[in-house]
Amino acid sequence: MAVWDDLVGQDRVIEQLAAAARDADALVTAAGTDASAAPEAAGASRMTHAWLFTGPPGSGRATAARAFAAALQCVGPDRATGGAPGCGFCDGCHTSLVGTHADVEIVRTDLLSIGVKETRDLVRRAQLSPAGGRWQVIVLEDADRLTEGAGNVLLKAVEEPAPRTVWLLCAPSLEDVLPTIRSRCRSLTLRTPPTSAVADILVRRDGIEPELAVRSARATQGHIGRARRLATDERARARRAAVLKMPLRVADMGGCLKAAQELIDAAAEDAKQVAEEVDTKETEELRAALGAAAGTGGRLPRGTAGAMKELQDRQKRRATRTQRDSLDLALTDLTGFYRDVLAIQLGSRVELANDDARDALERVARGSGPEATLRRIEAITACRQALDRNVAPLLAVEAMAVALRAG
């Protein structure tokens with residue numbers, strides 16, 4: 001299986017990355033055998049030191065970056081006979097894809113931002129020569145979460161790259177990255193994959209029943225990660241069903257406030273589940289590393305309280321991020337609902353994302369016009385923007401629910 005097989009519906013991007021990987025392989029091979037050949041190869045190379053992967057959520061930005069990292073580290077024997085790098089079977093490909101390759105650093109965050117300290121650590125890592133691989137590769141999956149200070153730190157490394165170091169940055173759009181950084185990167189834009197391609201990979205790779213795979217792909221409008229979660233997690237399906245009932249529950253002010261509170265409670269429950277799964281384990285591991293007595297009640301050694309406080313602060317920020325992500329997912333589902341309502345009102349023949357809720361869609365469509373539906377979509381967008389500006393979640397969702405009622 002080639003490293004590109006999990007990159008769904010991105011034929012043009014795969015072609016460009018495969019060509020760059022071939023040139024990168026030629027550069028390293030030439031540098032290792034004949035130093036005079038390397039500059040000539042570099043002159044016509046489609047390889048560069050910094051890449052920026054952009055595209056809508058679920059398009060596979062991180063998947064593309066990881067696949068490219070694996071192709072750069074490929075040591076498959078077929079390369080010697082003209083085969084393309086990225087076989088998917090060799091040690092370089094396998095360890096890159098699973099995240100254990102010594103020269104591939106994959107950076108993702110479960111917090112709201114990536115700060116200066118973490119970025120400086122990455123820049124220092126980028127200055128090192130490859131330990132055993134062909135390239136030193138830094139995959140930054142959440143480049144849009146860099147603070148302004150962190151972005152300025154990264155800029156220096158991208159401006160003056162170390163030899164055989166490659167930066168692979170991922171962000172939803174070009175505007176989410178500092179102009180000075182994106183101007184120094186080669187940009188690749190991914191598209192939302194078709195639902196048929198998403199359903200196919202769910203069946204082929206995850207063993208999902210074809211009918212469920214199609215429903216999940218359609219409901220998430222081509223978002224691969226959400227489609228997989230919806231197909232494999234009964235709780236995710238139940239929460240989506242509850243969100244899609246919200247448009248029918250905002251007939252009066254009491255219904256608006258109750259629906260808003262339930263949406264917030266569901267997001268808080270998601271954050272609580274993550275905390276139960278991760279926080280306790282992290283706390284115990286840190287206590288053990290600091291030499292605390294066994295058990296949660298054991299006293300910490302003197303001078304280690306600061307490390308524990310730092311962990312607790314990190315866990316609190318992660319809970320905030322989890323709650324916001326859960327809310328954003330619910331608002332995305334709600335937007336899809338009203339998009340289907342608008343399609344019905346306008347007599348469009350587009351595929352409905354929420355065909356399993358057709359009765360509710362038609363009921364809402366009969367009760368209002370396209371203008372009201374557009375205003376409701378705008379209210380959901382305004383709620384998402386308010387959450388980005390750190391407005392209190394309950395206040396933002398209540399305001400949205402009232403706007404949905406008014407139409």
# chains A, B, ... in the order shown; residues from 1 in each chain; ligands from 1
$ residues_around --residues "A:Ile344" --least-positions-apart "2" --cutoff "8 Å" --atoms "only C-alpha atoms" --output "ChimeraX atom specification"
/A:340-342,346-348,361-362,365
$ write_last_selection --atoms "N, CA, C and O atoms" --output "compact mmCIF listing (two decimals), in the first residue's frame"
# COMPACT_ATOMS: atom_id res chain seq x y z
N ASP A 340 -29.64 22.20 4.11
CA ASP A 340 -30.60 21.29 3.48
C ASP A 340 -31.98 21.91 3.39
O ASP A 340 -32.70 21.72 2.40
N VAL A 341 -32.37 22.65 4.44
CA VAL A 341 -33.65 23.35 4.40
C VAL A 341 -33.69 24.31 3.22
O VAL A 341 -34.68 24.38 2.47
N LEU A 342 -32.61 25.06 3.04
CA LEU A 342 -32.55 26.02 1.94
C LEU A 342 -32.63 25.31 0.59
O LEU A 342 -33.30 25.80 -0.35
N LEU A 346 -35.55 26.02 -2.22
CA LEU A 346 -35.23 26.51 -3.55
C LEU A 346 -35.43 25.46 -4.64
O LEU A 346 -35.19 25.73 -5.82
N GLY A 347 -35.86 24.26 -4.23
CA GLY A 347 -36.08 23.20 -5.20
C GLY A 347 -34.80 22.66 -5.82
O GLY A 347 -34.81 22.14 -6.94
N SER A 348 -33.70 22.77 -5.10
CA SER A 348 -32.42 22.30 -5.63
C SER A 348 -32.37 20.77 -5.61
O SER A 348 -32.99 20.11 -4.78
N LEU A 361 -36.62 18.46 8.19
CA LEU A 361 -36.20 19.42 7.18
C LEU A 361 -37.41 20.01 6.45
O LEU A 361 -37.52 21.23 6.27
N GLU A 362 -38.31 19.14 6.04
CA GLU A 362 -39.48 19.61 5.29
C GLU A 362 -40.41 20.43 6.17
O GLU A 362 -41.03 21.40 5.71
N ALA A 365 -38.81 23.79 6.43
CA ALA A 365 -38.86 24.44 5.12
C ALA A 365 -40.25 25.01 4.84
O ALA A 365 -40.39 26.09 4.26
$ select_by_dssp --residues "stretch 182-273 of chain A" --states "helix (DSSP H, G or I)" --output "PyMOL selection string"
chain A and resi 182+195-206+210-219+224-232+234-244+246-248+253-273
$ write_last_selection --atoms "C-alpha atoms" --output "short mmCIF file (atom, residue, chain, number, x, y, z; two decimals), in the first residue's frame"
data_model
loop_
_atom_site.label_atom_id
_atom_site.label_comp_id
_atom_site.auth_asym_id
_atom_site.auth_seq_id
_atom_site.Cartn_x
_atom_site.Cartn_y
_atom_site.Cartn_z
CA ARG A 182 3.29 31.73 3.76
CA THR A 195 -18.76 11.58 -0.19
CA SER A 196 -18.40 8.47 -2.36
CA ALA A 197 -14.62 8.49 -1.87
CA VAL A 198 -14.98 8.98 1.90
CA ALA A 199 -17.49 6.13 2.12
CA ASP A 200 -15.17 3.91 0.11
CA ILE A 201 -12.21 4.42 2.45
CA LEU A 202 -14.43 3.81 5.51
CA VAL A 203 -15.43 0.45 4.04
CA ARG A 204 -11.98 -0.47 2.79
CA ARG A 205 -9.84 0.66 5.72
CA ASP A 206 -12.17 0.58 8.73
CA PRO A 210 -21.37 0.17 3.21
CA GLU A 211 -24.79 1.64 4.04
CA LEU A 212 -23.56 3.15 7.32
CA ALA A 213 -20.42 4.43 5.61
CA VAL A 214 -22.46 6.24 2.96
CA ARG A 215 -24.78 7.80 5.56
CA SER A 216 -21.84 8.95 7.69
CA ALA A 217 -19.95 10.41 4.74
CA ARG A 218 -23.05 12.24 3.55
CA ALA A 219 -23.92 13.55 7.02
CA ILE A 224 -13.11 12.07 6.81
CA GLY A 225 -12.37 12.18 10.54
CA ARG A 226 -15.91 13.09 11.55
CA ALA A 227 -17.34 10.47 9.20
CA ARG A 228 -15.22 7.77 10.83
CA ARG A 229 -16.26 8.87 14.31
CA LEU A 230 -19.93 8.99 13.33
CA ALA A 231 -19.72 5.51 11.81
CA THR A 232 -17.94 3.94 14.79
CA GLU A 234 -22.91 5.36 18.89
CA ARG A 235 -22.67 8.35 21.26
CA ALA A 236 -21.61 10.59 18.38
CA ARG A 237 -24.66 9.54 16.38
CA ALA A 238 -26.94 10.17 19.37
CA ARG A 239 -25.52 13.65 19.93
CA ARG A 240 -25.86 14.55 16.28
CA ALA A 241 -29.48 13.42 16.33
CA ALA A 242 -30.09 15.64 19.37
CA VAL A 243 -28.51 18.65 17.64
CA LEU A 244 -30.69 18.17 14.56
CA MET A 246 -32.85 21.87 17.95
CA PRO A 247 -34.59 23.73 15.06
CA LEU A 248 -37.89 22.16 16.16
CA MET A 253 -38.26 31.44 24.57
CA GLY A 254 -38.23 28.64 27.13
CA GLY A 255 -37.38 26.13 24.41
CA CYS A 256 -34.55 28.37 23.17
CA LEU A 257 -32.93 28.61 26.59
CA LYS A 258 -33.35 24.91 27.34
CA ALA A 259 -31.91 23.84 23.99
CA ALA A 260 -28.93 26.18 24.45
CA GLN A 261 -28.23 24.83 27.94
CA GLU A 262 -28.37 21.23 26.70
CA LEU A 263 -25.92 22.03 23.91
CA ILE A 264 -23.48 23.52 26.43
CA ASP A 265 -23.95 20.58 28.81
CA ALA A 266 -23.18 18.11 26.01
CA ALA A 267 -19.97 19.97 25.18
CA ALA A 268 -18.99 20.01 28.85
CA GLU A 269 -19.61 16.27 29.03
CA ASP A 270 -17.22 15.75 26.12
CA ALA A 271 -14.55 17.72 27.96
CA LYS A 272 -15.21 15.71 31.11
CA GLN A 273 -14.81 12.42 29.26
#
$ select_by_dssp --residues "stretch 125-343 of chain A" --states "strand (DSSP E or B)" --output "PyMOL selection string"
chain A and resi 136-140+146+165-171+186-189
$ atom_distance --atom1 "atom CA of A:Ala64" --atom2 "atom CA of A:Arg12"
11.8 Å
$ residues_around --residues "A:Arg66" --least-positions-apart "4" --cutoff "7 Å" --atoms "only C-alpha atoms" --output "mmCIF file with N, CA and C atoms, in the first residue's frame"
data_model
loop_
_atom_site.group_PDB
_atom_site.id
_atom_site.type_symbol
_atom_site.label_atom_id
_atom_site.label_comp_id
_atom_site.auth_asym_id
_atom_site.auth_seq_id
_atom_site.Cartn_x
_atom_site.Cartn_y
_atom_site.Cartn_z
ATOM 1 N N ALA A 62 -3.385 17.082 7.325
ATOM 2 C CA ALA A 62 -2.373 16.371 8.109
ATOM 3 C C ALA A 62 -2.018 15.039 7.466
ATOM 4 N N ALA A 70 6.605 10.604 4.925
ATOM 5 C CA ALA A 70 6.972 9.198 4.736
ATOM 6 C C ALA A 70 7.682 8.995 3.393
ATOM 7 N N LEU A 97 4.805 7.092 9.203
ATOM 8 C CA LEU A 97 3.341 7.124 9.260
ATOM 9 C C LEU A 97 2.812 6.895 10.669
#
$ residues_around --residues "A:Ala67" --least-positions-apart "3" --cutoff "12 Å" --atoms "only C-alpha atoms" --output "number ranges by chain"
A: 1-8, 13-14, 17-18, 21, 60-64, 70-74, 85-88, 92-99, 104, 106, 137, 139, 168
$ write_last_selection --atoms "N, CA and C atoms" --output "short mmCIF file (atom, residue, chain, number, x, y, z; two decimals), in the first residue's frame"
data_model
loop_
_atom_site.label_atom_id
_atom_site.label_comp_id
_atom_site.auth_asym_id
_atom_site.auth_seq_id
_atom_site.Cartn_x
_atom_site.Cartn_y
_atom_site.Cartn_z
N MET A 1 0.85 -1.20 0.00
CA MET A 1 0.00 0.00 0.00
C MET A 1 0.88 1.24 0.00
N ALA A 2 0.73 2.11 -1.00
CA ALA A 2 1.52 3.34 -1.07
C ALA A 2 1.09 4.31 0.02
N VAL A 3 1.98 5.23 0.37
CA VAL A 3 1.69 6.17 1.46
C VAL A 3 0.54 7.10 1.09
N TRP A 4 0.21 7.22 -0.20
CA TRP A 4 -0.82 8.15 -0.64
C TRP A 4 -2.22 7.56 -0.57
N ASP A 5 -2.36 6.29 -0.23
CA ASP A 5 -3.65 5.62 -0.34
C ASP A 5 -4.72 6.20 0.59
N ASP A 6 -4.31 6.78 1.72
CA ASP A 6 -5.28 7.35 2.65
C ASP A 6 -5.63 8.80 2.33
N LEU A 7 -5.02 9.35 1.30
CA LEU A 7 -5.30 10.72 0.90
C LEU A 7 -6.44 10.68 -0.13
N VAL A 8 -7.65 10.99 0.33
CA VAL A 8 -8.86 10.73 -0.44
C VAL A 8 -9.21 11.90 -1.34
N VAL A 13 -2.97 16.94 -5.87
CA VAL A 13 -2.00 17.13 -4.79
C VAL A 13 -1.04 15.94 -4.71
N ILE A 14 -1.57 14.73 -4.85
CA ILE A 14 -0.72 13.53 -4.81
C ILE A 14 0.32 13.58 -5.93
N LEU A 17 3.06 16.09 -4.94
CA LEU A 17 3.91 15.62 -3.85
C LEU A 17 4.79 14.45 -4.29
N ALA A 18 4.24 13.57 -5.11
CA ALA A 18 5.02 12.44 -5.60
C ALA A 18 6.20 12.92 -6.45
N ALA A 21 8.77 14.34 -4.12
CA ALA A 21 9.46 13.27 -3.40
C ALA A 21 10.52 12.61 -4.29
N GLY A 60 -7.99 16.45 4.76
CA GLY A 60 -6.83 15.56 4.86
C GLY A 60 -5.51 16.29 4.82
N ARG A 61 -5.46 17.52 5.37
CA ARG A 61 -4.20 18.27 5.38
C ARG A 61 -3.10 17.51 6.10
N ALA A 62 -3.38 17.08 7.32
CA ALA A 62 -2.37 16.37 8.11
C ALA A 62 -2.02 15.04 7.47
N THR A 63 -3.00 14.37 6.88
CA THR A 63 -2.73 13.10 6.19
C THR A 63 -1.77 13.31 5.03
N ALA A 64 -1.98 14.39 4.27
CA ALA A 64 -1.08 14.69 3.15
C ALA A 64 0.33 14.98 3.65
N ALA A 70 6.61 10.60 4.92
CA ALA A 70 6.97 9.20 4.74
C ALA A 70 7.68 9.00 3.39
N ALA A 71 7.18 9.65 2.35
CA ALA A 71 7.81 9.51 1.03
C ALA A 71 9.23 10.07 1.04
N LEU A 72 9.45 11.16 1.79
CA LEU A 72 10.80 11.73 1.88
C LEU A 72 11.76 10.79 2.60
N GLN A 73 11.25 9.97 3.52
CA GLN A 73 12.10 9.06 4.28
C GLN A 73 12.14 7.66 3.70
N CYS A 74 11.47 7.46 2.56
CA CYS A 74 11.37 6.11 1.99
C CYS A 74 12.75 5.55 1.63
N PRO A 85 9.34 6.99 -4.62
CA PRO A 85 9.40 6.94 -3.15
C PRO A 85 7.99 6.94 -2.57
N GLY A 86 7.86 6.30 -1.41
CA GLY A 86 6.55 6.24 -0.76
C GLY A 86 5.89 4.89 -0.92
N CYS A 87 6.69 3.83 -0.81
CA CYS A 87 6.16 2.48 -1.02
C CYS A 87 5.15 2.09 0.06
N GLY A 88 5.33 2.62 1.28
CA GLY A 88 4.42 2.29 2.37
C GLY A 88 4.82 1.06 3.16
N GLY A 92 11.38 3.21 6.66
CA GLY A 92 11.23 4.67 6.64
C GLY A 92 9.78 5.10 6.51
N CYS A 93 9.05 4.46 5.60
CA CYS A 93 7.63 4.80 5.41
C CYS A 93 6.81 4.44 6.64
N HIS A 94 6.99 3.23 7.14
CA HIS A 94 6.17 2.74 8.24
C HIS A 94 6.36 3.58 9.50
N THR A 95 7.60 3.82 9.88
CA THR A 95 7.84 4.57 11.12
C THR A 95 7.40 6.03 10.99
N SER A 96 7.49 6.59 9.79
CA SER A 96 7.02 7.96 9.58
C SER A 96 5.52 8.06 9.75
N LEU A 97 4.80 7.09 9.20
CA LEU A 97 3.34 7.12 9.26
C LEU A 97 2.81 6.90 10.67
N VAL A 98 3.48 6.06 11.45
CA VAL A 98 2.99 5.77 12.80
C VAL A 98 3.56 6.73 13.84
N GLY A 99 4.49 7.60 13.41
CA GLY A 99 5.00 8.64 14.31
C GLY A 99 6.19 8.26 15.16
N VAL A 104 11.40 12.47 12.01
CA VAL A 104 10.10 13.06 11.67
C VAL A 104 9.42 13.49 12.96
N ILE A 106 6.24 15.15 14.55
CA ILE A 106 4.84 15.50 14.26
C ILE A 106 4.31 16.29 15.45
N VAL A 137 12.39 16.21 9.10
CA VAL A 137 11.07 16.69 8.72
C VAL A 137 10.29 17.12 9.97
N VAL A 139 6.55 18.29 10.98
CA VAL A 139 5.15 18.40 10.56
C VAL A 139 4.40 19.17 11.63
N LEU A 168 6.70 21.16 7.14
CA LEU A 168 5.39 20.88 6.55
C LEU A 168 4.33 21.47 7.48
#
$ closest_residue --among "A:Arg389, A:His49, A:Arg191, A:Arg375" --to "A:Gln10" --atoms "only C-alpha atoms"
A:Arg191
$ residues_around --residues "A:Trp51" --least-positions-apart "6" --cutoff "8 Å" --atoms "only C-alpha atoms" --output "VMD selection string"
chain A and resid 166 to 169 185 to 188
$ write_last_selection --atoms "C-alpha atoms" --output "JSON list (two decimals), in the first residue's frame"
[["chain", "number", "residue", "atom", "x", "y", "z"],
["A", 166, "VAL", "CA", 11.81, 20.30, 5.59],
["A", 167, "TRP", "CA", 8.92, 22.16, 7.26],
["A", 168, "LEU", "CA", 5.39, 20.88, 6.55],
["A", 169, "LEU", "CA", 2.78, 23.32, 7.89],
["A", 185, "CYS", "CA", 6.33, 28.22, 1.63],
["A", 186, "ARG", "CA", 5.09, 26.30, -1.38],
["A", 187, "SER", "CA", 1.32, 26.14, -0.99],
["A", 188, "LEU", "CA", -0.89, 23.17, -1.76]]
$ closest_residue --among "A:Ser183, A:Ser368, A:Thr29, A:Thr100" --to "A:Leu155" --atoms "only C-alpha atoms"
A:Ser183
$ atom_distance --atom1 "atom CA of A:Leu111" --atom2 "atom CA of A:Met400"
25.5 Å
$ residues_around --residues "stretch 391-393 of chain A" --least-positions-apart "2" --cutoff "10 Å" --atoms "only C-alpha atoms" --output "list in words"
Ala260, Gln261, Leu263, Ile264, Ala267, Gln323, Arg324, Leu327, Cys383, Arg384, Gln385, Ala386, Leu387, Asp388, Arg389, Leu395, Ala396, Val397, Glu398 and Ala399 of chain A
$ write_last_selection --atoms "C-alpha atoms" --output "mmCIF file, in the first residue's frame"
data_model
loop_
_atom_site.group_PDB
_atom_site.id
_atom_site.type_symbol
_atom_site.label_atom_id
_atom_site.label_comp_id
_atom_site.auth_asym_id
_atom_site.auth_seq_id
_atom_site.Cartn_x
_atom_site.Cartn_y
_atom_site.Cartn_z
ATOM 1 C CA ALA A 260 -28.928 26.182 24.453
ATOM 2 C CA GLN A 261 -28.230 24.827 27.938
ATOM 3 C CA LEU A 263 -25.917 22.031 23.910
ATOM 4 C CA ILE A 264 -23.478 23.523 26.427
ATOM 5 C CA ALA A 267 -19.966 19.967 25.176
ATOM 6 C CA GLN A 323 -15.526 22.042 24.852
ATOM 7 C CA ARG A 324 -15.100 24.545 22.030
ATOM 8 C CA LEU A 327 -19.618 23.096 20.288
ATOM 9 C CA CYS A 383 -22.204 32.333 17.203
ATOM 10 C CA ARG A 384 -19.023 30.637 15.984
ATOM 11 C CA GLN A 385 -17.323 34.006 15.615
ATOM 12 C CA ALA A 386 -18.411 34.993 19.129
ATOM 13 C CA LEU A 387 -16.904 31.786 20.524
ATOM 14 C CA ASP A 388 -13.641 32.590 18.725
ATOM 15 C CA ARG A 389 -13.632 35.946 20.509
ATOM 16 C CA LEU A 395 -24.419 33.498 26.237
ATOM 17 C CA ALA A 396 -23.365 32.985 22.611
ATOM 18 C CA VAL A 397 -25.475 29.862 22.127
ATOM 19 C CA GLU A 398 -28.534 31.433 23.810
ATOM 20 C CA ALA A 399 -28.293 34.423 21.475
#
$ atom_distance --atom1 "atom CA of A:Leu140" --atom2 "atom CA of A:Gly306"
28.1 Å
$ closest_residue --among "A:Asn152, A:Thr54, A:Gln136, A:Gln16" --to "A:Asp103" --atoms "only C-alpha atoms"
A:Gln136
